[in-house]
Structures are given as structure tokens and as C-alpha cells.
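Participant: One file: my_file33.pdb (PDB, C-alpha atoms).
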ATOM      1  CA  MET A 249       0.000   0.000   0.000  1.00  0.00           C
ATOM      2  CA  ALA A 250       1.297   3.420  -0.938  1.00  0.00           C
ATOM      3  CA  GLN A 251       2.785   5.634   1.738  1.00  0.00           C
ATOM      4  CA  GLY A 252       0.170   8.089   2.996  1.00  0.00           C
ATOM      5  CA  SER A 253      -2.689   5.806   1.978  1.00  0.00           C
ATOM      6  CA  TYR A 254      -6.147   6.622   3.315  1.00  0.00           C
ATOM      7  CA  ARG A 255      -6.684   2.855   3.740  1.00  0.00           C
ATOM      8  CA  GLN A 256     -10.226   3.126   2.385  1.00  0.00           C
ATOM      9  CA  PHE A 257     -11.828   1.194  -0.452  1.00  0.00           C
ATOM     10  CA  CYS A 258     -13.913   4.280  -1.339  1.00  0.00           C
ATOM     11  CA  PRO A 259     -13.204   5.335  -4.969  1.00  0.00           C
ATOM     12  CA  VAL A 260     -12.869   8.968  -3.849  1.00  0.00           C
ATOM     13  CA  ALA A 261     -10.134   8.005  -1.399  1.00  0.00           C
ATOM     14  CA  MET A 262      -8.400   5.793  -3.954  1.00  0.00           C
ATOM     15  CA  ALA A 263      -8.442   8.511  -6.624  1.00  0.00           C
ATOM     16  CA  ALA A 264      -7.227  11.089  -4.096  1.00  0.00           C
ATOM     17  CA  GLU A 265      -4.186   8.941  -3.293  1.00  0.00           C
ATOM     18  CA  LEU A 266      -3.058   9.351  -6.909  1.00  0.00           C
ATOM     19  CA  LEU A 267      -4.360  12.799  -7.851  1.00  0.00           C
ATOM     20  CA  CYS A 268      -3.916  14.772  -4.647  1.00  0.00           C
ATOM     21  CA  THR A 269      -0.201  14.312  -4.140  1.00  0.00           C
ATOM     22  CA  ARG A 270       1.701  17.598  -4.266  1.00  0.00           C
ATOM     23  CA  TRP A 271       1.856  19.155  -7.761  1.00  0.00           C
ATOM     24  CA  THR A 272      -0.079  16.345  -9.474  1.00  0.00           C
ATOM     25  CA  ILE A 273      -3.248  18.342 -10.215  1.00  0.00           C
ATOM     26  CA  VAL A 274      -1.158  21.267 -11.487  1.00  0.00           C
ATOM     27  CA  LEU A 275       0.876  18.917 -13.692  1.00  0.00           C
ATOM     28  CA  LEU A 276      -2.347  17.444 -15.064  1.00  0.00           C
ATOM     29  CA  ARG A 277      -3.509  20.990 -15.808  1.00  0.00           C
ATOM     30  CA  GLU A 278      -0.467  21.413 -18.038  1.00  0.00           C
ATOM     31  CA  LEU A 279      -1.042  18.100 -19.787  1.00  0.00           C
ATOM     32  CA  VAL A 280      -4.698  18.966 -20.376  1.00  0.00           C
ATOM     33  CA  ALA A 281      -3.608  22.356 -21.746  1.00  0.00           C
ATOM     34  CA  GLY A 282      -1.510  20.576 -24.374  1.00  0.00           C
ATOM     35  CA  SER A 283       2.069  20.518 -23.045  1.00  0.00           C
ATOM     36  CA  THR A 284       3.726  17.220 -23.918  1.00  0.00           C
ATOM     37  CA  ARG A 285       7.502  17.708 -23.646  1.00  0.00           C
ATOM     38  CA  PHE A 286       9.400  17.697 -20.395  1.00  0.00           C
ATOM     39  CA  ASN A 287      10.821  21.209 -20.816  1.00  0.00           C
ATOM     40  CA  ASP A 288       7.408  22.626 -21.724  1.00  0.00           C
ATOM     41  CA  LEU A 289       5.899  20.984 -18.661  1.00  0.00           C
ATOM     42  CA  ARG A 290       8.678  22.560 -16.582  1.00  0.00           C
ATOM     43  CA  ARG A 291       7.797  25.998 -17.956  1.00  0.00           C
ATOM     44  CA  GLY A 292       4.205  25.454 -16.923  1.00  0.00           C
ATOM     45  CA  VAL A 293       5.191  24.391 -13.389  1.00  0.00           C
ATOM     46  CA  PRO A 294       8.364  26.489 -12.904  1.00  0.00           C
ATOM     47  CA  ARG A 295       8.483  26.013  -9.126  1.00  0.00           C
ATOM     48  CA  MET A 296       8.399  22.220  -9.380  1.00  0.00           C
ATOM     49  CA  SER A 297      11.823  20.579  -9.265  1.00  0.00           C
ATOM     50  CA  PRO A 298      12.835  18.497 -12.320  1.00  0.00           C
ATOM     51  CA  ALA A 299      13.299  15.456 -10.082  1.00  0.00           C
ATOM     52  CA  LEU A 300       9.783  15.704  -8.665  1.00  0.00           C
ATOM     53  CA  LEU A 301       8.324  16.343 -12.123  1.00  0.00           C
ATOM     54  CA  SER A 302      10.023  13.195 -13.387  1.00  0.00           C
ATOM     55  CA  GLN A 303       8.686  11.202 -10.430  1.00  0.00           C
ATOM     56  CA  ARG A 304       5.117  12.463 -10.860  1.00  0.00           C
ATOM     57  CA  LEU A 305       5.210  11.569 -14.559  1.00  0.00           C
ATOM     58  CA  LYS A 306       6.357   8.064 -13.628  1.00  0.00           C
ATOM     59  CA  ASP A 307       3.532   7.795 -11.073  1.00  0.00           C
ATOM     60  CA  LEU A 308       0.972   8.849 -13.680  1.00  0.00           C
ATOM     61  CA  GLN A 309       2.420   6.393 -16.179  1.00  0.00           C
ATOM     62  CA  ALA A 310       2.188   3.569 -13.653  1.00  0.00           C
ATOM     63  CA  ALA A 311      -1.439   4.492 -13.018  1.00  0.00           C
ATOM     64  CA  GLY A 312      -2.246   4.416 -16.733  1.00  0.00           C
ATOM     65  CA  VAL A 313      -3.031   8.152 -16.873  1.00  0.00           C
ATOM     66  CA  VAL A 314      -0.032   9.182 -19.007  1.00  0.00           C
ATOM     67  CA  ALA A 315       1.817   7.383 -21.792  1.00  0.00           C
ATOM     68  CA  LYS A 316       5.465   8.074 -22.614  1.00  0.00           C
ATOM     69  CA  VAL A 317       5.944   8.281 -26.382  1.00  0.00           C
ATOM     70  CA  THR A 318       9.286   8.311 -28.177  1.00  0.00           C
ATOM     71  CA  GLY A 319       9.177   9.906 -31.604  1.00  0.00           C
ATOM     72  CA  GLN A 320      11.592  10.315 -34.472  1.00  0.00           C
ATOM     73  CA  GLY A 321      15.062  11.347 -33.416  1.00  0.00           C
ATOM     74  CA  GLY A 322      14.446  10.089 -29.893  1.00  0.00           C
ATOM     75  CA  THR A 323      12.129  12.951 -28.944  1.00  0.00           C
ATOM     76  CA  VAL A 324      10.203  12.027 -25.794  1.00  0.00           C
ATOM     77  CA  GLU A 325       6.664  13.247 -25.176  1.00  0.00           C
ATOM     78  CA  TYR A 326       4.045  12.579 -22.531  1.00  0.00           C
ATOM     79  CA  HIS A 327       0.449  12.147 -23.652  1.00  0.00           C
ATOM     80  CA  LEU A 328      -2.734  11.638 -21.703  1.00  0.00           C
ATOM     81  CA  THR A 329      -4.251   8.200 -22.196  1.00  0.00           C
ATOM     82  CA  GLU A 330      -8.006   7.703 -22.472  1.00  0.00           C
ATOM     83  CA  ALA A 331      -8.067   7.425 -18.678  1.00  0.00           C
ATOM     84  CA  GLY A 332      -6.131  10.680 -18.465  1.00  0.00           C
ATOM     85  CA  LYS A 333      -8.434  12.486 -20.870  1.00  0.00           C
ATOM     86  CA  GLU A 334     -11.366  11.581 -18.605  1.00  0.00           C
ATOM     87  CA  LEU A 335      -9.776  13.878 -16.002  1.00  0.00           C
ATOM     88  CA  GLN A 336     -10.141  16.992 -18.203  1.00  0.00           C
ATOM     89  CA  PRO A 337     -13.607  18.010 -16.929  1.00  0.00           C
ATOM     90  CA  ILE A 338     -12.392  17.461 -13.364  1.00  0.00           C
ATOM     91  CA  ILE A 339      -9.369  19.733 -13.885  1.00  0.00           C
ATOM     92  CA  GLU A 340     -11.574  22.346 -15.542  1.00  0.00           C
ATOM     93  CA  ALA A 341     -14.067  22.154 -12.663  1.00  0.00           C
ATOM     94  CA  PHE A 342     -11.218  22.736 -10.196  1.00  0.00           C
ATOM     95  CA  GLY A 343     -10.226  25.884 -12.079  1.00  0.00           C
ATOM     96  CA  ILE A 344     -13.785  27.198 -12.398  1.00  0.00           C
ATOM     97  CA  TRP A 345     -14.436  26.643  -8.698  1.00  0.00           C
ATOM     98  CA  GLY A 346     -11.182  28.387  -7.773  1.00  0.00           C
ATOM     99  CA  GLN A 347     -11.929  31.327 -10.052  1.00  0.00           C
ATOM    100  CA  ARG A 348     -15.414  31.748  -8.612  1.00  0.00           C
ATOM    101  CA  ARG A 349     -14.769  31.070  -4.949  1.00  0.00           C
ATOM    102  CA  ILE A 350     -11.250  32.327  -4.185  1.00  0.00           C
ATOM    103  CA  LYS A 351     -10.996  36.096  -3.937  1.00  0.00           C
ATOM    104  CA  ALA A 352      -8.942  37.945  -6.517  1.00  0.00           C
ATOM    105  CA  ASP A 353      -6.768  39.571  -3.847  1.00  0.00           C
ATOM    106  CA  VAL A 354      -5.801  36.132  -2.546  1.00  0.00           C
ATOM    107  CA  SER A 355      -4.930  34.785  -6.011  1.00  0.00           C
ATOM    108  CA  LEU A 356      -2.918  37.878  -6.867  1.00  0.00           C
ATOM    109  CA  GLN A 357      -0.615  37.361  -3.881  1.00  0.00           C
ATOM    110  CA  HIS A 358       1.061  34.601  -5.903  1.00  0.00           C
ATOM    111  CA  LEU A 359       2.614  36.337  -8.892  1.00  0.00           C
ATOM    112  CA  ASP A 360       4.934  34.533 -11.309  1.00  0.00           C
ATOM    113  CA  PRO A 361       6.068  36.306 -14.505  1.00  0.00           C
ATOM    114  CA  GLN A 362       7.331  33.141 -16.190  1.00  0.00           C
ATOM    115  CA  LEU A 363       4.074  31.265 -15.635  1.00  0.00           C
ATOM    116  CA  LEU A 364       2.002  34.283 -16.670  1.00  0.00           C
ATOM    117  CA  MET A 365       3.891  34.759 -19.944  1.00  0.00           C
ATOM    118  CA  TRP A 366       3.853  31.021 -20.674  1.00  0.00           C
ATOM    119  CA  ASP A 367       0.082  30.940 -20.262  1.00  0.00           C
ATOM    120  CA  MET A 368      -0.349  34.124 -22.287  1.00  0.00           C
ATOM    121  CA  HIS A 369       1.691  32.791 -25.204  1.00  0.00           C
ATOM    122  CA  ARG A 370      -0.254  29.532 -25.188  1.00  0.00           C
ATOM    123  CA  ASN A 371      -3.682  31.152 -25.287  1.00  0.00           C
ATOM    124  CA  LEU A 372      -2.979  34.144 -27.514  1.00  0.00           C
ATOM    125  CA  ASN A 373      -5.586  34.718 -30.222  1.00  0.00           C
ATOM    126  CA  THR A 374      -3.753  35.363 -33.502  1.00  0.00           C
ATOM    127  CA  THR A 375      -6.909  35.987 -35.579  1.00  0.00           C
ATOM    128  CA  PRO A 376      -7.156  39.773 -35.025  1.00  0.00           C
ATOM    129  CA  MET A 377      -3.405  40.282 -35.419  1.00  0.00           C
ATOM    130  CA  PRO A 378      -1.702  41.375 -38.676  1.00  0.00           C
ATOM    131  CA  GLN A 379      -1.001  38.659 -41.243  1.00  0.00           C
ATOM    132  CA  ARG A 380       2.719  39.098 -40.782  1.00  0.00           C
ATOM    133  CA  ARG A 381       5.216  38.465 -38.023  1.00  0.00           C
ATOM    134  CA  SER A 382       4.500  40.696 -35.022  1.00  0.00           C
ATOM    135  CA  ILE A 383       6.767  41.228 -32.020  1.00  0.00           C
ATOM    136  CA  VAL A 384       5.286  42.344 -28.712  1.00  0.00           C
ATOM    137  CA  GLN A 385       7.668  43.156 -25.870  1.00  0.00           C
ATOM    138  CA  PHE A 386       6.349  43.122 -22.307  1.00  0.00           C
ATOM    139  CA  ILE A 387       8.261  45.216 -19.784  1.00  0.00           C
ATOM    140  CA  TYR A 388       7.670  44.802 -16.051  1.00  0.00           C
ATOM    141  CA  PRO A 389       9.444  47.742 -14.355  1.00  0.00           C
ATOM    142  CA  ASP A 390       8.667  46.427 -10.863  1.00  0.00           C
ATOM    143  CA  LEU A 391      10.703  43.237 -11.387  1.00  0.00           C
ATOM    144  CA  PRO A 392      14.477  42.637 -11.173  1.00  0.00           C
ATOM    145  CA  PRO A 393      16.275  43.206 -14.499  1.00  0.00           C
ATOM    146  CA  ALA A 394      16.645  39.475 -15.202  1.00  0.00           C
ATOM    147  CA  GLN A 395      12.851  38.993 -15.084  1.00  0.00           C
ATOM    148  CA  ARG A 396      11.763  42.309 -16.536  1.00  0.00           C
ATOM    149  CA  HIS A 397      11.569  41.636 -20.294  1.00  0.00           C
ATOM    150  CA  PHE A 398       9.614  39.104 -22.355  1.00  0.00           C
ATOM    151  CA  TRP A 399       8.975  38.933 -26.089  1.00  0.00           C
ATOM    152  CA  LEU A 400       6.001  37.335 -27.826  1.00  0.00           C
ATOM    153  CA  ILE A 401       6.774  36.408 -31.431  1.00  0.00           C
ATOM    154  CA  VAL A 402       3.577  35.919 -33.405  1.00  0.00           C
ATOM    155  CA  ASP A 403       3.927  34.419 -36.873  1.00  0.00           C
ATOM    156  CA  PRO A 404       0.869  33.456 -38.982  1.00  0.00           C
ATOM    157  CA  GLN A 405       2.738  30.417 -40.308  1.00  0.00           C
ATOM    158  CA  GLU A 406       4.754  29.255 -37.298  1.00  0.00           C
ATOM    159  CA  GLY A 407       2.433  30.217 -34.431  1.00  0.00           C
ATOM    160  CA  VAL A 408       3.414  31.941 -31.193  1.00  0.00           C
ATOM    161  CA  ASP A 409       6.785  31.741 -29.478  1.00  0.00           C
ATOM    162  CA  LEU A 410       7.949  33.178 -26.146  1.00  0.00           C
ATOM    163  CA  CYS A 411      11.441  34.539 -25.469  1.00  0.00           C
ATOM    164  CA  SER A 412      12.966  35.819 -22.254  1.00  0.00           C
ATOM    165  CA  SER A 413      15.993  37.194 -24.126  1.00  0.00           C
ATOM    166  CA  ASP A 414      15.971  39.637 -27.024  1.00  0.00           C
ATOM    167  CA  PRO A 415      15.220  37.687 -30.234  1.00  0.00           C
ATOM    168  CA  GLY A 416      16.769  40.457 -32.314  1.00  0.00           C
ATOM    169  CA  PHE A 417      13.666  41.557 -34.233  1.00  0.00           C
ATOM    170  CA  ASP A 418      12.182  45.024 -34.442  1.00  0.00           C
ATOM    171  CA  VAL A 419       9.451  45.402 -31.825  1.00  0.00           C
ATOM    172  CA  ASP A 420       5.968  46.323 -33.054  1.00  0.00           C
ATOM    173  CA  LEU A 421       4.402  47.022 -29.661  1.00  0.00           C
ATOM    174  CA  TYR A 422       5.912  47.752 -26.251  1.00  0.00           C
ATOM    175  CA  VAL A 423       3.684  46.936 -23.263  1.00  0.00           C
ATOM    176  CA  THR A 424       4.887  48.492 -20.008  1.00  0.00           C
ATOM    177  CA  VAL A 425       2.901  47.337 -16.998  1.00  0.00           C
ATOM    178  CA  ASP A 426       3.360  46.074 -13.447  1.00  0.00           C
ATOM    179  CA  LEU A 427       3.118  42.331 -12.939  1.00  0.00           C
ATOM    180  CA  ARG A 428       0.054  42.439 -10.695  1.00  0.00           C
ATOM    181  CA  THR A 429      -1.954  44.448 -13.202  1.00  0.00           C
ATOM    182  CA  MET A 430      -1.010  42.202 -16.115  1.00  0.00           C
ATOM    183  CA  THR A 431      -1.876  39.096 -14.116  1.00  0.00           C
ATOM    184  CA  ALA A 432      -5.232  40.617 -13.127  1.00  0.00           C
ATOM    185  CA  ILE A 433      -6.001  41.366 -16.786  1.00  0.00           C
ATOM    186  CA  TRP A 434      -5.042  37.844 -17.822  1.00  0.00           C
ATOM    187  CA  MET A 435      -7.236  36.351 -15.104  1.00  0.00           C
ATOM    188  CA  GLY A 436     -10.225  38.482 -16.085  1.00  0.00           C
ATOM    189  CA  TYR A 437     -10.262  40.651 -12.949  1.00  0.00           C
ATOM    190  CA  GLU A 438      -9.195  43.766 -14.891  1.00  0.00           C
ATOM    191  CA  THR A 439      -9.335  45.086 -18.464  1.00  0.00           C
ATOM    192  CA  VAL A 440      -6.714  46.676 -20.686  1.00  0.00           C
ATOM    193  CA  ARG A 441      -8.894  49.785 -21.003  1.00  0.00           C
ATOM    194  CA  ARG A 442      -9.094  50.265 -17.236  1.00  0.00           C
ATOM    195  CA  ALA A 443      -5.343  49.746 -16.774  1.00  0.00           C
ATOM    196  CA  LEU A 444      -4.617  52.325 -19.482  1.00  0.00           C
ATOM    197  CA  ALA A 445      -7.070  54.809 -18.002  1.00  0.00           C
ATOM    198  CA  ASP A 446      -5.475  54.409 -14.565  1.00  0.00           C
ATOM    199  CA  GLN A 447      -1.999  54.797 -16.093  1.00  0.00           C
ATOM    200  CA  ARG A 448      -0.902  51.406 -14.804  1.00  0.00           C
ATOM    201  CA  MET A 449      -0.142  50.336 -18.368  1.00  0.00           C
ATOM    202  CA  THR A 450       1.361  52.146 -21.350  1.00  0.00           C
ATOM    203  CA  LEU A 451       1.363  50.945 -24.960  1.00  0.00           C
ATOM    204  CA  THR A 452       3.946  52.258 -27.429  1.00  0.00           C
ATOM    205  CA  GLY A 453       4.131  51.349 -31.102  1.00  0.00           C
ATOM    206  CA  ASP A 454       1.632  49.848 -33.535  1.00  0.00           C
ATOM    207  CA  ASP A 455      -1.718  51.565 -32.893  1.00  0.00           C
ATOM    208  CA  ARG A 456      -3.747  48.646 -34.246  1.00  0.00           C
ATOM    209  CA  LEU A 457      -2.020  46.102 -32.033  1.00  0.00           C
ATOM    210  CA  GLY A 458      -2.500  48.380 -29.040  1.00  0.00           C
ATOM    211  CA  THR A 459      -6.156  49.085 -29.750  1.00  0.00           C
ATOM    212  CA  GLU A 460      -6.999  45.395 -30.166  1.00  0.00           C
ATOM    213  CA  MET A 461      -4.849  44.094 -27.315  1.00  0.00           C
ATOM    214  CA  GLN A 462      -7.815  42.997 -25.190  1.00  0.00           C
ATOM    215  CA  THR A 463      -8.960  40.819 -28.111  1.00  0.00           C
ATOM    216  CA  TRP A 464      -5.711  39.143 -29.105  1.00  0.00           C
ATOM    217  CA  LEU A 465      -4.529  38.688 -25.545  1.00  0.00           C
ATOM    218  CA  GLY A 466      -6.802  35.663 -25.315  1.00  0.00           C
ATOM    219  CA  LEU A 467      -7.012  35.560 -21.490  1.00  0.00           C
ATOM    220  CA  SER A 468      -7.151  32.616 -19.137  1.00  0.00           C
ATOM    221  CA  PRO A 469      -9.704  29.917 -19.997  1.00  0.00           C
ATOM    222  CA  PHE A 470     -11.135  30.631 -16.533  1.00  0.00           C
ATOM    223  CA  ALA A 471     -11.458  34.397 -17.103  1.00  0.00           C
ATOM    224  CA  PRO A 472     -15.209  34.153 -17.950  1.00  0.00           C
ATOM    225  CA  TYR A 473     -15.785  32.964 -14.371  1.00  0.00           C
ATOM    226  CA  ALA A 474     -13.801  35.776 -12.742  1.00  0.00           C
ATOM    227  CA  VAL A 475     -15.187  37.432  -9.633  1.00  0.00           C
ATOM    228  CA  SER A 476     -13.714  40.720  -8.405  1.00  0.00           C
ATOM    229  CA  ALA A 477     -12.372  41.247  -4.911  1.00  0.00           C
ATOM    230  CA  SER A 478     -15.715  42.789  -3.980  1.00  0.00           C
ATOM    231  CA  GLY A 479     -17.521  39.593  -4.918  1.00  0.00           C
ATOM    232  CA  ALA A 480     -19.122  40.929  -8.087  1.00  0.00           C
ATOM    233  CA  ALA A 481     -18.564  39.536 -11.564  1.00  0.00           C
ATOM    234  CA  ALA A 482     -15.629  41.296 -13.241  1.00  0.00           C
TER     235      ALA A 482
END
Take the structure I supplied and represent it as C-alpha cells, if you would.
Facilitator:
Amino acid sequence: MAQGSYRQFCPVAMAAELLCTRWTIVLLRELVAGSTRFNDLRRGVPRMSPALLSQRLKDLQAAGVVAKVTGQGGTVEYHLTEAGKELQPIIEAFGIWGQRRIKADVSLQHLDPQLLMWDMHRNLNTTPMPQRRSIVQFIYPDLPPAQRHFWLIVDPQEGVDLCSSDPGFDVDLYVTVDLRTMTAIWMGYETVRRALADQRMTLTGDDRLGTEMQTWLGLSPFAPYAVSASGAAA
């Protein structure tokens, strides 16, 4: 019997033994969101050690939730099995409940620029953007220099890429904003318009990209369920 077992035959208890170990639900969130490679999973759970990530993936493989797939050139990916895919509505329900029931001020105490930018790049809506390569640089003046700059590279053919070092392209739009405000916008607690009006955000460069930022930003999949700190719908 596994260490920390509830020692109950109840299916809830048995499922909890697998799914409620530290980081497992968050790792499953990343798998459900489409991350399949080890380094991409690390970017989605940046505070999880590589050793623990490896162990949790092994645990999920042993339980038949994840399959390890080796592709051409020895590339290793991790894919949800049919049993794993059945967890998607459960993961989504976790997120919806958290978005509705946990106050914005509590959520926004846990800021992480790398996770925010990773999520933003993954959910960005390219449809309203120009049909050419666009570079958007995010600048967080409140962060240390090493964490202050991120670049989103949006290419109609190649998709969206995220860089934490200068990719060497001309920048179309500079977004200067504090991390808390940008996280609140991403989570659906705030809007770009409000942040601009309050002078917590400045946009410099391509007027079209700036005007349509709220649209192409994409937002968190849980943003529609956002509740403000006052308890009202955002």
C-alpha cells in the first residue's frame, strides 16, 4: 500500500491517493492544456523541481493516466491516455471553482512572470493580429532586471513563441505594466482599457495592435468565471 494511503476502499479516497499528491493536479492541468515535452511541462510548473516532475510523470504512467511516447530522433513526449483524458472536466471544474470562490486579492498574492507569460503565449488569439510576423515586448518595471523583459513572437505560419531574451527583431508594440496588473487582466479581474485609463499600463508602437490588445490577448480559460475582490462579476 502506498505511503500516505487513506486505507479506504472508497473510490474517492483511492483517486485522491493518486491525484492529490503535491503538484499532481497542477501537472495534469499542463497536460490537459496541451504541453507534452518535459521542458514545456517545466515551464508550466516552474516552481516544481525536475526530479519531482520526473517522479510524478512516472507515477501517472504507472497508473495508466499518461503514456510516454518516443518519436523520431528520440524525442520524448508525454500524452494523456483515455483514462487521463477523462480527467479533463475534473481539472476544468477545479479551475472554475477556484476562479469563482477564491478572492482575486488572494490569487494575486502569488505572482509569477514566467508562468504568466507562458500561459499568455499559449492562449494568444492570432486571428485579429496582422497577417505578418508581429513582435510584442512586455516590460515589467517592478521586477528585477533578469525577469523584466519578455517577447512574444507571433507568426501566422509558425504560431506563437515566447522569449525571455531579445530575439533580435524590431518590436511592433511595447507593453509596459506592473506584474500584478497584467496578471489581473489575464485572469479576467481587470481590463486593458481600465489599466490604461489608470496609467498602470502604457502601450507604445503599432496603434492597431495596441487598440486590439484585449482581443488578441486571449485571457485565461477561466477568465469568464472571474469574480472581483468585492464579490461581483468582473
Participant: I'd like to see the residues matched by the PyMOL selection byres ((chain A and resi 406) around 12) on this file, and ideally I'd get them as an MDAnalysis selection string.
Facilitator: chainID A and resid 374 379:382 401:405 407:409
Participant: Written as a PyMOL selection string, which residues does the PyMOL selection byres ((chain A and resi 436) around 9) give for the file shown?
Facilitator: chain A and resi 431-435+437-439+467-468+470-476+482
Participant: Determine the nearest neighbour of His369 (chain A) from the options A:Cys268, A:Leu465, A:Ala341, A:Val419, counting all atoms listed in the file.
Facilitator: A:Leu465
Participant: Can you turn the PyMOL selection byres ((chain A and resi 420) around 12) into a concrete residue list for this file, as an NGL selection string?
Facilitator: :A and (377-378 or 380-386 or 399-402 or 417-419 or 421-423 or 451-458)
Participant: Please list as a VMD selection string every residue within 10 Å of Arg285 (chain A), counting all atoms listed in the file and excluding residues in the same chain fewer than 3 positions away.
Facilitator: chain A and resid 279 282 288 to 290 316 to 317 323 to 327
Participant: Which residue, A:Met365, A:Ala394, A:Ala331, A:Leu267, has the smallest gap to Ala315 (chain A) when you use all atoms listed in the file?
Facilitator: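 Once distances to Ala315 (chain A) are computed over all atoms listed in the file, the minimum belongs to A:Ala331.
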Participant: I'd like the neighbourhood of Leu266 (chain A) as a list in words, where a residue qualifies if any of its atoms comes within 10 Å (using only C-alpha atoms), though same-chain residues fewer than 2 positions away should be ignored.
Facilitator: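 Those residues are Ala250, Ser253, Ala261, Met262, Ala263, Ala264, Cys268, Thr269, Arg270, Thr272, Ile273, Arg304, Asp307, Leu308 and Ala311 of chain A.
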Participant: Adding 6 Å on each side of the box along x, y and z that holds all listed atoms of region 324-333 of chain A, could you give its centre and edge lengths in Å to one decimal, as JSON?
Facilitator:
{"center_x": 0.9, "center_y": 10.3, "center_z": -22.1, "size_x": 30.6, "size_y": 17.8, "size_z": 19.3}
Participant: Might you pull out every residue within 9 Å of Leu301 (chain A), with only C-alpha atoms counted and same-chain residues fewer than 2 positions away left off, and present them as a PyMOL selection string?
Facilitator: chain A and resi 271-272+275+286+289-290+293+296-299+303-306
Participant: So how far away is CA of Asp414 (chain A) from CA of Glu460 (chain A), in Å?
Facilitator: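 Computing it gives 23.9 Å between the two atoms.
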Participant: Give me, please, the distance in Å between CA of Pro294 (chain A) and CA of Gln362 (chain A), quoted to one decimal.
Facilitator: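 Pair CA of Pro294 (chain A) / CA of Gln362 (chain A) returns 7.5 Å.
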Participant: Would you compute the distance between CA of Glu334 (chain A) and CA of Val274 (chain A)? Give it in Å to one decimal.
Facilitator: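 Between these atoms lies a distance of 15.8 Å.
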Participant: Out of A:Arg370, A:Arg448, A:His358, A:Arg277, which residue has the shortest atom-to-atom distance to Gly466 (chain A) when counting only C-alpha atoms?
Facilitator: A:Arg370
Participant: Return the single residue from A:Pro337, A:Pro259, A:Pro376, A:Gly252 that is closest to Ala281 (chain A), with distances computed using all atoms listed in the file.
Facilitator: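 Comparing A:Pro337, A:Pro259, A:Pro376, A:Gly252 against Ala281 (chain A), the winner is A:Pro337.
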Participant: Tell me which protein, DNA and RNA residues are within 9 Å of Val280 (chain A), counting only C-alpha atoms, leaving out same-chain ones fewer than 4 positions away, and put them as a PyMOL selection string.
Facilitator: chain A and resi 275-276+328+332-333+335-336+339
Participant: How would the residues just picked look written out with C-alpha atoms as an mmCIF file, keeping the file's coordinate frame?
Facilitator:
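Generated output (part17.cif):
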data_model
loop_
_atom_site.group_PDB
_atom_site.id
_atom_site.type_symbol
_atom_site.label_atom_id
_atom_site.label_comp_id
_atom_site.auth_asym_id
_atom_site.auth_seq_id
_atom_site.Cartn_x
_atom_site.Cartn_y
_atom_site.Cartn_z
ATOM 1 C CA LEU A 275 0.876 18.917 -13.692
ATOM 2 C CA LEU A 276 -2.347 17.444 -15.064
ATOM 3 C CA LEU A 328 -2.734 11.638 -21.703
ATOM 4 C CA GLY A 332 -6.131 10.680 -18.465
ATOM 5 C CA LYS A 333 -8.434 12.486 -20.870
ATOM 6 C CA LEU A 335 -9.776 13.878 -16.002
ATOM 7 C CA GLN A 336 -10.141 16.992 -18.203
ATOM 8 C CA ILE A 339 -9.369 19.733 -13.885
#
Participant: Could you tell me which of A:Thr459, A:Phe398, A:Val314, A:Ile344 comes closest to Glu330 (chain A) if we count only C-alpha atoms?
Facilitator: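 Of all the options, A:Val314 lies closest to Glu330 (chain A).
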